[in-house]
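Undergrad: Dropping in target_1.tsv, with TSV, C-alpha atoms and all ligand atoms.
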chain	number	residue	atom	x	y	z
L	1	MET	CA	0.00	0.00	0.00
L	2	LYS	CA	1.21	3.51	-0.84
L	3	GLN	CA	2.26	5.32	2.34
L	4	GLU	CA	1.75	9.08	2.44
L	5	LEU	CA	3.04	10.76	5.58
L	6	ILE	CA	2.79	14.46	6.32
L	7	PHE	CA	4.07	16.27	9.42
L	8	LEU	CA	2.74	19.14	11.48
L	9	GLY	CA	4.40	21.05	14.28
L	10	PRO	CA	5.92	24.44	15.12
L	11	PRO	CA	9.29	25.57	13.72
L	12	ALA	CA	12.24	23.63	15.22
L	13	CYS	CA	10.01	20.97	16.82
L	14	GLY	CA	12.39	18.29	15.50
L	15	LYS	CA	10.46	17.32	12.36
L	16	GLY	CA	13.52	17.70	10.12
L	17	THR	CA	15.68	15.32	12.15
L	18	GLN	CA	12.96	12.72	12.57
L	19	THR	CA	11.63	12.82	9.02
L	20	ASN	CA	15.14	12.44	7.58
L	21	ARG	CA	15.63	9.34	9.69
L	22	LEU	CA	12.15	8.03	8.85
L	23	SER	CA	12.67	8.44	5.13
L	24	GLU	CA	15.81	6.29	5.32
L	25	PHE	CA	14.08	3.75	7.55
L	26	LEU	CA	11.06	3.36	5.25
L	27	GLY	CA	12.98	3.78	1.97
L	28	LEU	CA	10.66	6.61	0.95
L	29	PRO	CA	11.76	10.02	-0.38
L	30	HIS	CA	12.04	12.87	2.08
L	31	ILE	CA	10.47	15.98	0.60
L	32	ASP	CA	11.03	19.17	2.54
L	33	THR	CA	9.55	22.36	1.12
L	34	GLY	CA	11.88	24.65	3.10
L	35	SER	CA	14.96	22.98	1.59
L	36	LEU	CA	13.43	22.95	-1.90
L	37	LEU	CA	12.76	26.68	-1.64
L	38	ARG	CA	16.26	27.38	-0.30
L	39	ALA	CA	17.67	25.45	-3.29
L	40	GLU	CA	15.68	27.71	-5.65
L	41	ILE	CA	17.08	30.75	-3.82
L	42	ALA	CA	20.65	29.44	-4.12
L	43	LYS	CA	20.16	28.93	-7.88
L	44	GLU	CA	18.68	32.46	-8.12
L	45	THR	CA	15.70	31.24	-10.17
L	46	GLU	CA	12.62	33.41	-10.65
L	47	ASP	CA	10.75	31.30	-8.05
L	48	GLY	CA	13.74	31.58	-5.72
L	49	ILE	CA	13.78	35.37	-5.90
L	50	ILE	CA	10.04	35.53	-5.12
L	51	ALA	CA	10.36	32.92	-2.33
L	52	LYS	CA	13.23	34.80	-0.68
L	53	SER	CA	11.17	37.94	-0.20
L	54	PHE	CA	8.63	35.94	1.87
L	55	ILE	CA	11.08	33.68	3.72
L	56	ASP	CA	13.10	36.72	4.82
L	57	LYS	CA	9.99	38.02	6.59
L	58	GLY	CA	9.02	34.68	8.15
L	59	HIS	CA	5.88	34.53	5.99
L	60	LEU	CA	4.51	31.73	3.82
L	61	VAL	CA	5.59	31.69	0.19
L	62	PRO	CA	2.58	32.08	-2.22
L	63	VAL	CA	0.43	28.98	-2.38
L	64	ASP	CA	0.65	28.42	-6.16
L	65	LEU	CA	4.44	28.66	-6.24
L	66	VAL	CA	4.82	25.95	-3.59
L	67	ALA	CA	2.03	23.80	-5.07
L	68	THR	CA	3.80	23.72	-8.45
L	69	ILE	CA	7.06	22.57	-6.85
L	70	ILE	CA	5.33	19.96	-4.69
L	71	GLY	CA	3.05	18.76	-7.50
L	72	LYS	CA	6.11	17.95	-9.66
L	73	LYS	CA	7.89	16.18	-6.81
L	74	LEU	CA	4.93	14.01	-5.80
L	75	ALA	CA	4.34	12.95	-9.40
L	76	GLY	CA	7.94	11.65	-9.57
L	77	GLU	CA	8.74	7.98	-10.07
L	78	ASP	CA	10.42	7.83	-6.64
L	79	CYS	CA	7.12	8.71	-4.92
L	80	LYS	CA	5.21	5.76	-6.38
L	81	LYS	CA	5.41	3.87	-3.07
L	82	GLY	CA	4.78	6.95	-0.96
L	83	TYR	CA	6.55	9.88	0.61
L	84	VAL	CA	7.62	11.60	3.80
L	85	LEU	CA	6.47	15.19	3.35
L	86	ASP	CA	7.94	17.74	5.73
L	87	GLY	CA	6.76	21.36	5.77
L	88	TYR	CA	3.73	20.92	3.53
L	89	PRO	CA	0.87	21.68	3.84
L	90	ARG	CA	1.17	24.75	6.03
L	91	SER	CA	-2.31	26.26	5.60
L	92	LEU	CA	-5.85	25.07	4.92
L	93	GLU	CA	-5.53	26.27	1.33
L	94	GLN	CA	-2.38	24.15	0.90
L	95	ALA	CA	-4.12	21.14	2.47
L	96	GLU	CA	-6.86	21.42	-0.14
L	97	LYS	CA	-4.22	21.67	-2.89
L	98	LEU	CA	-2.53	18.55	-1.52
L	99	ASP	CA	-5.83	16.64	-1.73
L	100	ILE	CA	-6.07	17.64	-5.41
L	101	ILE	CA	-2.43	16.69	-6.13
L	102	ASN	CA	-2.83	13.32	-4.36
L	103	ALA	CA	-6.06	12.52	-6.22
L	104	LYS	CA	-4.12	13.01	-9.48
L	105	VAL	CA	-0.99	11.04	-8.57
L	106	ASP	CA	-2.62	8.19	-6.60
L	107	GLY	CA	-4.74	6.81	-9.43
L	108	ASP	CA	-6.24	3.48	-8.31
L	109	ASN	CA	-3.53	2.82	-5.72
L	110	GLN	CA	-4.56	1.93	-2.20
L	111	VAL	CA	-3.25	4.65	0.06
L	112	SER	CA	-2.54	5.05	3.75
L	113	PHE	CA	-2.44	8.77	4.56
L	114	LYS	CA	-1.38	10.01	7.99
L	115	ALA	CA	-0.78	13.50	9.38
L	116	ILE	CA	1.67	13.26	12.27
L	117	TYR	CA	1.57	16.13	14.70
L	118	PHE	CA	4.64	16.88	16.86
L	119	ASP	CA	3.18	18.18	20.10
L	120	ILE	CA	5.89	20.11	21.97
L	121	ASP	CA	6.43	22.69	24.68
L	122	THR	CA	7.10	25.81	22.58
L	123	GLN	CA	9.18	27.66	25.26
L	124	ILE	CA	12.45	25.97	24.23
L	125	LEU	CA	11.99	26.33	20.50
L	126	LEU	CA	13.30	29.85	20.04
L	127	ASP	CA	16.68	28.76	21.50
L	128	ARG	CA	16.70	25.74	19.21
L	129	ILE	CA	16.35	28.07	16.25
L	130	ILE	CA	18.73	30.84	17.25
L	131	TYR	CA	21.60	28.41	18.02
L	132	ARG	CA	20.90	26.00	15.14
L	133	GLN	CA	23.58	25.11	12.59
L	134	SER	CA	23.59	22.54	9.81
L	135	CYS	CA	26.09	20.84	7.57
L	136	PRO	CA	25.76	21.94	3.92
L	137	VAL	CA	27.03	18.51	2.79
L	138	CYS	CA	25.26	15.83	4.89
L	139	GLY	CA	22.43	17.95	6.34
L	140	GLU	CA	23.23	16.97	9.95
L	141	ILE	CA	21.69	19.48	12.37
L	142	TYR	CA	23.65	20.83	15.35
L	143	ASN	CA	22.88	23.36	18.06
L	144	LYS	CA	25.58	25.52	19.63
L	145	LYS	CA	23.83	25.28	23.01
L	146	PHE	CA	22.16	21.85	23.09
L	147	LYS	CA	24.08	19.71	20.60
L	148	PRO	CA	27.41	21.33	19.67
L	149	SER	CA	29.77	19.87	17.08
L	150	LYS	CA	33.05	18.46	18.50
L	151	THR	CA	35.04	21.27	16.88
L	152	GLU	CA	33.28	24.61	16.91
L	153	ASN	CA	31.48	25.36	13.60
L	154	ILE	CA	32.80	22.18	11.87
L	155	CYS	CA	30.71	19.12	10.94
L	156	ASP	CA	31.77	16.01	12.91
L	157	LYS	CA	31.20	13.79	9.87
L	158	CYS	CA	32.22	15.90	6.85
L	159	ASN	CA	34.81	18.24	8.35
L	160	VAL	CA	33.27	21.24	6.54
L	161	GLU	CA	32.12	24.55	7.98
L	162	LEU	CA	28.59	24.55	9.42
L	163	LYS	CA	26.03	27.04	8.12
L	164	THR	CA	23.34	29.05	9.88
L	165	ARG	CA	20.11	29.62	7.99
L	166	ALA	CA	19.43	33.24	7.02
L	167	ASP	CA	15.96	33.07	8.64
L	168	ASP	CA	17.22	31.61	11.95
L	169	ASN	CA	17.46	34.91	13.81
L	170	ALA	CA	15.26	36.00	16.71
L	171	GLU	CA	13.13	38.50	14.80
L	172	ILE	CA	12.29	36.30	11.81
L	173	ALA	CA	11.91	33.24	14.04
L	174	GLN	CA	9.25	35.04	16.10
L	175	GLU	CA	7.37	35.87	12.91
L	176	ARG	CA	7.64	32.23	11.77
L	177	PHE	CA	5.95	31.20	15.04
L	178	ASN	CA	3.18	33.76	14.48
L	179	THR	CA	2.68	32.40	10.95
L	180	TYR	CA	2.59	28.84	12.31
L	181	PHE	CA	-0.06	29.58	14.95
L	182	GLU	CA	-2.21	31.64	12.58
L	183	GLN	CA	-2.04	29.51	9.44
L	184	THR	CA	-0.65	26.04	10.13
L	185	ALA	CA	-2.02	25.11	13.57
L	186	PRO	CA	-5.65	25.01	12.26
L	187	LEU	CA	-4.58	21.96	10.21
L	188	ILE	CA	-4.46	19.90	13.42
L	189	LYS	CA	-8.25	20.11	13.71
L	190	PHE	CA	-8.67	19.70	9.94
L	191	TYR	CA	-6.85	16.35	9.92
L	192	GLU	CA	-8.34	15.27	13.25
L	193	GLU	CA	-11.80	15.62	11.75
L	194	LYS	CA	-10.73	13.51	8.77
L	195	GLY	CA	-9.60	10.80	11.22
L	196	VAL	CA	-6.00	10.75	9.95
L	197	LEU	CA	-4.23	12.74	12.69
L	198	ARG	CA	-1.64	10.96	14.88
L	199	LYS	CA	-0.29	13.04	17.75
L	200	ILE	CA	3.09	12.33	19.32
L	201	ASP	CA	4.77	13.89	22.33
L	202	ALA	CA	7.81	15.60	20.74
L	203	ASN	CA	9.44	16.59	24.05
L	204	GLY	CA	12.51	14.55	25.01
L	205	SER	CA	15.57	13.09	23.33
L	206	ILE	CA	15.85	12.31	19.62
L	207	ASP	CA	15.62	8.58	20.36
L	208	GLU	CA	12.62	8.95	22.66
L	209	VAL	CA	10.71	10.88	19.98
L	210	TRP	CA	11.87	8.39	17.31
L	211	ASN	CA	10.38	5.48	19.25
L	212	ARG	CA	7.07	7.31	19.64
L	213	LEU	CA	7.11	8.06	15.91
L	214	LEU	CA	7.65	4.39	15.04
L	215	ASP	CA	4.65	3.49	17.21
L	216	VAL	CA	2.29	5.71	15.22
L	217	ILE	CA	3.41	4.81	11.72
L	218	LYS	CA	2.88	1.07	12.20
B	1	LIG	P1	11.35	25.50	7.05
B	1	LIG	O1	12.67	25.10	6.47
B	1	LIG	O2	10.34	24.40	6.97
B	1	LIG	O3	11.46	26.09	8.42
B	1	LIG	O4	10.79	26.67	6.09
B	1	LIG	C1	11.48	27.89	5.96
B	1	LIG	C2	10.57	28.93	5.28
B	1	LIG	O5	10.26	28.47	3.95
B	1	LIG	C3	9.24	29.18	5.96
B	1	LIG	O6	9.34	30.11	7.03
B	1	LIG	C4	8.42	29.72	4.78
B	1	LIG	O7	8.75	31.06	4.52
B	1	LIG	C5	8.94	28.89	3.61
B	1	LIG	N1	8.11	27.65	3.42
B	1	LIG	C6	8.47	26.38	3.70
B	1	LIG	N2	7.47	25.52	3.42
B	1	LIG	C7	6.45	26.29	2.96
B	1	LIG	C8	5.14	26.01	2.52
B	1	LIG	N3	4.62	24.77	2.53
B	1	LIG	N4	4.37	27.06	2.11
B	1	LIG	C9	4.84	28.31	2.10
B	1	LIG	N5	6.06	28.65	2.52
B	1	LIG	C10	6.87	27.65	2.95
Rewrite the coordinates I just gave you, this time as structure tokens.
Ligand code: AMP
TA:
Amino acid sequence: MKQELIFLGPPACGKGTQTNRLSEFLGLPHIDTGSLLRAEIAKETEDGIIAKSFIDKGHLVPVDLVATIIGKKLAGEDCKKGYVLDGYPRSLEQAEKLDIINAKVDGDNQVSFKAIYFDIDTQILLDRIIYRQSCPVCGEIYNKKFKPSKTENICDKCNVELKTRADDNAEIAQERFNTYFEQTAPLIKFYEEKGVLRKIDANGSIDEVWNRLLDVIK
């Protein structure tokens, strides 16, 4: 059966770390809209230039721009068995778009669709964002305060300099939280009413959360 997994939760709730691991574990592609948009920005495409002006303010990128990128990805050969979708949908309008995209790409396949909500104490999240660093090569995520690399600013695995995301500063992060609570949090109720929501406690260590995640995807 095709396995479609989407993830909800506030910025820096740990979705990135867990969904990367889950995609490897299940052998399904990890599709992360934030990274796809940052790749467009790095290539300086027309979409990238538009996306940057929204990302820099902590706002959502226009719905049609993201839907086009996601629509192409989900129609790809590698998504035939399913996907791990991180960062999409982020509003009710995007959730409706996703239903339309899925109806097109699923055909007659039997599908298991789950929306996994990372329920977390939001107090600690701002520090997770402000001190976050990641490796541009392997994608490993570090945190100067909670999970520092062995050598300051250098990836333990790849030995290259760690990067900080342009939107990981206090001001933009606060706006990203506002955007999350206004536009994305209503999706919890939306998917609950459809009977596909699975809530996990996302407080605790990476392994603790991983074990809870495995319980709900069975
Ligand atoms: P993330 O890497 O998931 O924290 O996303 C970084 C930024 O990319 C967000 O603050 C938004 O500006 C933009 N973004 C990511 N995913 C979406 C989406 N599904 N819809 C609109 N904007 C998005």
Undergrad: Can you list, as an mmCIF file with C-alpha atoms, keeping the file's coordinate frame, every protein, DNA or RNA residue that comes within 8 Å of range 3-20 of chain L when you count only C-alpha atoms, leaving out same-chain residues fewer than 4 positions away?
TA:
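Generated output (part.cif):
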data_model
loop_
_atom_site.group_PDB
_atom_site.id
_atom_site.type_symbol
_atom_site.label_atom_id
_atom_site.label_comp_id
_atom_site.auth_asym_id
_atom_site.auth_seq_id
_atom_site.Cartn_x
_atom_site.Cartn_y
_atom_site.Cartn_z
ATOM 1 C CA GLU L 24 15.810 6.290 5.320
ATOM 2 C CA HIS L 30 12.040 12.870 2.080
ATOM 3 C CA LYS L 81 5.410 3.870 -3.070
ATOM 4 C CA GLY L 82 4.780 6.950 -0.960
ATOM 5 C CA TYR L 83 6.550 9.880 0.610
ATOM 6 C CA VAL L 84 7.620 11.600 3.800
ATOM 7 C CA LEU L 85 6.470 15.190 3.350
ATOM 8 C CA ASP L 86 7.940 17.740 5.730
ATOM 9 C CA GLY L 87 6.760 21.360 5.770
ATOM 10 C CA TYR L 88 3.730 20.920 3.530
ATOM 11 C CA PRO L 89 0.870 21.680 3.840
ATOM 12 C CA ARG L 90 1.170 24.750 6.030
ATOM 13 C CA VAL L 111 -3.250 4.650 0.060
ATOM 14 C CA SER L 112 -2.540 5.050 3.750
ATOM 15 C CA PHE L 113 -2.440 8.770 4.560
ATOM 16 C CA LYS L 114 -1.380 10.010 7.990
ATOM 17 C CA ALA L 115 -0.780 13.500 9.380
ATOM 18 C CA ILE L 116 1.670 13.260 12.270
ATOM 19 C CA TYR L 117 1.570 16.130 14.700
ATOM 20 C CA PHE L 118 4.640 16.880 16.860
ATOM 21 C CA ASP L 119 3.180 18.180 20.100
ATOM 22 C CA ILE L 120 5.890 20.110 21.970
ATOM 23 C CA THR L 122 7.100 25.810 22.580
ATOM 24 C CA LEU L 125 11.990 26.330 20.500
ATOM 25 C CA LEU L 126 13.300 29.850 20.040
ATOM 26 C CA ARG L 128 16.700 25.740 19.210
ATOM 27 C CA ILE L 129 16.350 28.070 16.250
ATOM 28 C CA ILE L 141 21.690 19.480 12.370
ATOM 29 C CA ARG L 176 7.640 32.230 11.770
ATOM 30 C CA PHE L 177 5.950 31.200 15.040
ATOM 31 C CA TYR L 180 2.590 28.840 12.310
ATOM 32 C CA PHE L 181 -0.060 29.580 14.950
ATOM 33 C CA THR L 184 -0.650 26.040 10.130
ATOM 34 C CA ALA L 185 -2.020 25.110 13.570
ATOM 35 C CA LEU L 187 -4.580 21.960 10.210
ATOM 36 C CA ILE L 188 -4.460 19.900 13.420
ATOM 37 C CA ALA L 202 7.810 15.600 20.740
ATOM 38 C CA ILE L 206 15.850 12.310 19.620
ATOM 39 C CA VAL L 209 10.710 10.880 19.980
ATOM 40 C CA TRP L 210 11.870 8.390 17.310
#
Undergrad: Could you list, as an MDAnalysis selection string, all residues that come within 9 Å of ligand LIG 1 (chain B)? Count only C-alpha atoms and all ligand atoms.
TA: chainID L and resid 10:12 15:16 32:38 51:63 65:67 70 86:91 94 165 167:168 172:173 175:177 179:180
Undergrad: Just checking: using only C-alpha atoms, which residue out of L:Asn102, L:Gln183, L:Gln133, L:Asn211 ends up closest to Lys147 in chain L?
TA: L:Gln133
Undergrad: Would you compute the distance between CA of Leu92 in chain L and CA of Glu192 in chain L? Give it in Å to one decimal.
TA: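 A separation of 13.1 Å between them.
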Undergrad: For CA of Ile100 in chain L and CA of Lys218 in chain L, determine how far apart the two atoms are, in Å to one decimal place.
TA: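 Calculated distance between CA of Ile100 in chain L and CA of Lys218 in chain L is 25.8 Å.
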Undergrad: What gap, in Å, lies between CA of Cys138 in chain L and CA of Cys158 in chain L?
TA: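 CA of Cys158 in chain L lies at a distance of 7.2 Å from CA of Cys138 in chain L.
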Undergrad: L:Glu161, L:Glu182, L:Asp201, L:Glu171: which is nearest Asp121 in chain L, counting all atoms listed in the file?
TA: L:Asp201
Undergrad: Pick the closest to Cys79 in chain L from L:Cys155, L:Leu28, L:Leu98, L:Ile41: which is it, counting only C-alpha atoms?
TA: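 Under the stated criterion, the closest residue is L:Leu28.
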Undergrad: What are the centre and the three edge lengths of an axis-aligned box that wraps all atoms of range 133-144 of chain L in the file, given that 4 Å is added to every side, written as AutoDock Vina command-line options and rounded to one decimal in Å?
TA:
--center_x 24.4 --center_y 20.7 --center_z 11.2 --size_x 13.3 --size_y 17.7 --size_z 24.8
Undergrad: Skip Val105 in chain L itself and residues of its chain fewer than 2 positions away, then list as a VMD selection string all residues within 10 Å of it, counting only C-alpha atoms.
TA: chain L and resid 71 to 72 74 to 76 79 to 80 100 to 103 107 to 109
Undergrad: Looking at L:Ile130, L:Tyr191, L:Asp47, L:Asp64, which one is nearest to Gln174 in chain L, with distances taken over all atoms listed in the file?
TA: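 Using all atoms listed in the file, Gln174 in chain L sits closest to L:Ile130.
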